[in-house]
Each structure stands twice: as structure tokens, then as C-alpha cells.
Amino acid sequence: MLGLMDREAGLRERKKQRTRETIARVALDLFVERGYHATTLADIAEAADVSTRTIFAYYPGKEDILFCEFPALLDAVALTLRERPTGKDALETIRDFILAIPHAEKDELHEQRQKIVEGDATLRSHMRARMAQLQDLVAAAVAEDIGADADDLRPHVVAASLIAAFEVLSERDPGTTPKPRNAEEVAAAIDPVIAFLRGGLEALARQPATTG
């Protein structure tokens, strides 16, 4: 009986995941075709063959559909930093996390989302707000590394610099400098950034704590 219940629960979860992915896929297609602001939740529901009520069961709003990848990313980074081995600093942990992402398999969905966000000032602002959450996670981990208080500005300076560097790398114009597409290319791009920030962090760690 328990085995049957487990299988049924697994089937329900897979069905939910397929519905979630379908909504996101259809919504993105409509955002590309009609524009983000011109696309309504009713449009998405009709194209996905679900009700708007069903959409709200998976996503609080249209913006959450566009940024649907971010909550999982935030949770993964938080877990990785929280469970990093003793003696492994936050910068090295983030480096390894980024290299573990299958960059060569970045799908069309990711590229389309990025283009939609980069082409809209409001969405860029909303993306920065989400990246600030990621920055806070990194800052807290850096503060732990150097024994700093939560309101010490030094870890926040390092975290902000790290996030800004990665944003610059991800926004490279393919027509000029190609974006890294595999672990080796990603390492070649981010290792100088990590080395620079580690040097800066070591210098900051020797300075008195500063608060804002």
C-alpha cells in the first residue's frame, strides 16, 4: 500500500512539474512574440491550456514566471555556502558552484529570458533586486570567513563586486567577445575575478571594520 501511495505521489509531483514547465515555456514564447508587457495572464492560460487560477497555483504573478529559475538558484547557493567544508572560503565555494553548472547545456529558455530582461529597464530593475538577495547571501558568507559583523561594509563590498563581475561576464555581446560555453572557458573568465577579489578581501580583512 505504501509503495502504491509513493508511486501516486511521485506521479502527481511529476505532473505538477510538467505543468509548471509548460506555463513557463508558453509564457516565454508569448513574451518573445508579443512583448512582456503586452502579454496577459489570460493569454498565457489560454496558450498553456490551463486556467488563470491554475497559473496562480504555481506562480504569484507574471513576473514570477519570467524569473522562475531564480528561487531555485537562490536556494542552491544558500545550501552550497551553508554546507561548504571547513577551511573553504566563500569565494572558492561560489567559483566551484558556477563551474558545476552545465554551461554548455544552457537552453534557449535561459537565453530568451536574458534578452527579455536586458531589453526592458523595469525588468532590469527587478532583476537587480533579485540579485541583491544573492549578494546578501555571499556577503554573509564572506563576513563569516573574516569574522566580521553583519553590518560590516567590507563583506558587502566584496559580494557586490563579485555579483557585478559575473553580470558583466554574462552580458557580453556575442558579436564581440563570446560568452563562456564550457567549464574551461568559464574558469578562464572567472578565475582572474576571484583572484582579484581575494586579494582585495585580504587587504580589507587587515583594515578596521567599517559600518554604514
# chains A, B, ... in the order shown; residues from 1 in each chain; ligands from 1
$ residues_around --residues "stretch 136-143 of chain A" --least-positions-apart "5" --cutoff "6 Å" --atoms "only C-alpha atoms" --output "list of chain:residue names"
A:Ala90, A:Ala148, A:Pro155, A:His156, A:Ala159
$ select_by_dssp --residues "stretch 50-209 of chain A" --states "helix (DSSP H, G or I)" --output "tab-separated table (two decimals) with C-alpha atoms, in the first residue's frame"
chain	number	residue	atom	x	y	z
A	52	THR	CA	-5.60	31.55	-14.71
A	53	ARG	CA	-6.39	30.01	-11.32
A	54	THR	CA	-4.03	27.17	-12.17
A	55	ILE	CA	-1.30	29.67	-13.04
A	56	PHE	CA	-1.67	31.29	-9.63
A	57	ALA	CA	-1.28	27.87	-8.03
A	58	TYR	CA	2.26	27.80	-9.44
A	62	LYS	CA	3.61	37.22	-14.37
A	63	GLU	CA	7.00	38.46	-13.21
A	64	ASP	CA	7.48	35.27	-11.19
A	65	ILE	CA	7.01	33.25	-14.38
A	66	LEU	CA	9.73	35.21	-16.13
A	70	PHE	CA	15.80	32.37	-9.63
A	71	PRO	CA	14.27	30.88	-6.42
A	72	ALA	CA	15.91	27.53	-7.10
A	73	LEU	CA	19.22	29.26	-7.81
A	74	LEU	CA	18.99	31.22	-4.57
A	75	ASP	CA	18.22	28.08	-2.57
A	76	ALA	CA	21.08	26.18	-4.21
A	77	VAL	CA	23.61	28.94	-3.47
A	78	ALA	CA	22.40	29.22	0.13
A	79	LEU	CA	22.72	25.46	0.64
A	80	THR	CA	26.15	25.34	-1.01
A	81	LEU	CA	27.50	28.16	1.16
A	82	ARG	CA	25.94	26.75	4.31
A	90	ALA	CA	33.01	31.75	0.20
A	91	LEU	CA	34.82	32.88	-2.96
A	92	GLU	CA	36.16	29.40	-3.71
A	93	THR	CA	32.76	27.92	-2.95
A	94	ILE	CA	31.00	30.25	-5.38
A	95	ARG	CA	33.65	29.56	-8.02
A	96	ASP	CA	33.10	25.80	-7.75
A	97	PHE	CA	29.33	26.27	-7.78
A	98	ILE	CA	29.50	28.23	-11.03
A	99	LEU	CA	31.83	25.72	-12.66
A	100	ALA	CA	29.45	22.89	-11.74
A	103	HIS	CA	27.07	25.89	-19.22
A	104	ALA	CA	27.30	24.04	-22.49
A	105	GLU	CA	23.72	22.92	-21.97
A	108	GLU	CA	17.11	28.51	-25.35
A	109	LEU	CA	14.80	29.42	-22.47
A	110	HIS	CA	17.64	30.96	-20.49
A	111	GLU	CA	18.91	32.95	-23.45
A	112	GLN	CA	15.42	34.24	-24.26
A	113	ARG	CA	14.79	35.28	-20.66
A	114	GLN	CA	18.05	37.16	-20.60
A	115	LYS	CA	17.22	39.06	-23.79
A	116	ILE	CA	13.76	39.99	-22.49
A	117	VAL	CA	15.15	41.32	-19.22
A	118	GLU	CA	18.07	43.16	-20.80
A	121	ALA	CA	14.52	48.93	-17.88
A	122	THR	CA	11.80	47.89	-15.41
A	123	LEU	CA	12.67	44.22	-15.66
A	124	ARG	CA	16.36	45.02	-15.28
A	125	SER	CA	15.48	46.83	-12.05
A	126	HIS	CA	13.52	43.83	-10.81
A	127	MET	CA	16.40	41.55	-11.72
A	128	ARG	CA	18.80	43.73	-9.72
A	129	ALA	CA	16.50	43.39	-6.72
A	130	ARG	CA	16.73	39.62	-7.02
A	131	MET	CA	20.48	39.73	-7.46
A	132	ALA	CA	20.65	41.78	-4.25
A	133	GLN	CA	19.29	38.73	-2.43
A	134	LEU	CA	22.12	36.66	-3.87
A	135	GLN	CA	24.59	39.38	-2.91
A	136	ASP	CA	23.35	39.27	0.69
A	137	LEU	CA	23.96	35.51	0.84
A	138	VAL	CA	27.52	35.92	-0.41
A	139	ALA	CA	28.17	38.87	1.92
A	140	ALA	CA	27.02	36.87	4.93
A	141	ALA	CA	29.35	34.01	3.99
A	142	VAL	CA	32.29	36.39	3.43
A	143	ALA	CA	31.58	38.04	6.79
A	144	GLU	CA	31.78	34.60	8.41
A	145	ASP	CA	35.12	33.97	6.68
A	146	ILE	CA	36.73	37.11	8.09
A	153	LEU	CA	30.62	47.01	4.92
A	154	ARG	CA	33.70	45.05	3.85
A	155	PRO	CA	31.93	41.75	3.05
A	156	HIS	CA	29.22	43.67	1.19
A	157	VAL	CA	31.83	45.44	-0.96
A	158	VAL	CA	33.35	42.08	-1.94
A	159	ALA	CA	29.97	40.47	-2.59
A	160	ALA	CA	28.77	43.42	-4.68
A	161	SER	CA	31.97	43.33	-6.73
A	162	LEU	CA	31.59	39.59	-7.31
A	163	ILE	CA	27.97	39.86	-8.47
A	164	ALA	CA	28.79	42.85	-10.69
A	165	ALA	CA	31.68	40.98	-12.32
A	166	PHE	CA	29.51	37.98	-13.12
A	167	GLU	CA	26.79	40.21	-14.54
A	168	VAL	CA	29.32	41.82	-16.86
A	169	LEU	CA	30.54	38.40	-18.00
A	170	SER	CA	27.01	37.13	-18.62
A	183	ALA	CA	33.71	24.75	-17.66
A	184	GLU	CA	37.20	25.50	-19.00
A	185	GLU	CA	36.12	28.76	-20.63
A	186	VAL	CA	34.12	29.75	-17.56
A	187	ALA	CA	37.13	29.08	-15.31
A	188	ALA	CA	39.37	31.16	-17.57
A	189	ALA	CA	36.88	34.02	-17.34
A	190	ILE	CA	36.15	33.96	-13.61
A	191	ASP	CA	39.46	32.90	-12.07
A	192	PRO	CA	41.06	36.35	-12.58
A	193	VAL	CA	37.96	37.87	-10.96
A	194	ILE	CA	38.20	35.53	-7.98
A	195	ALA	CA	41.94	36.19	-7.61
A	196	PHE	CA	41.40	39.95	-7.75
A	197	LEU	CA	38.61	39.84	-5.16
A	198	ARG	CA	40.57	37.52	-2.88
A	199	GLY	CA	43.47	39.96	-2.93
A	200	GLY	CA	41.08	42.79	-2.16
A	201	LEU	CA	39.42	40.80	0.60
A	202	GLU	CA	42.75	40.02	2.22
A	203	ALA	CA	43.58	43.71	2.19
A	204	LEU	CA	40.16	44.63	3.58
A	205	ALA	CA	40.43	41.98	6.28
$ atom_distance --atom1 "atom CA of A:Val32" --atom2 "atom CA of A:Ile101"
25.4 Å
$ atom_distance --atom1 "atom CA of A:Glu69" --atom2 "atom CA of A:Ala27"
13.6 Å
$ residues_around --residues "A:Ile44" --least-positions-apart "5" --cutoff "9 Å" --atoms "only C-alpha atoms" --output "MDAnalysis selection string"
chainID A and resid 23:24 26:27 30 39 49:50 52 55
$ atom_distance --atom1 "atom CA of A:Ser51" --atom2 "atom CA of A:Ala38"
18.8 Å
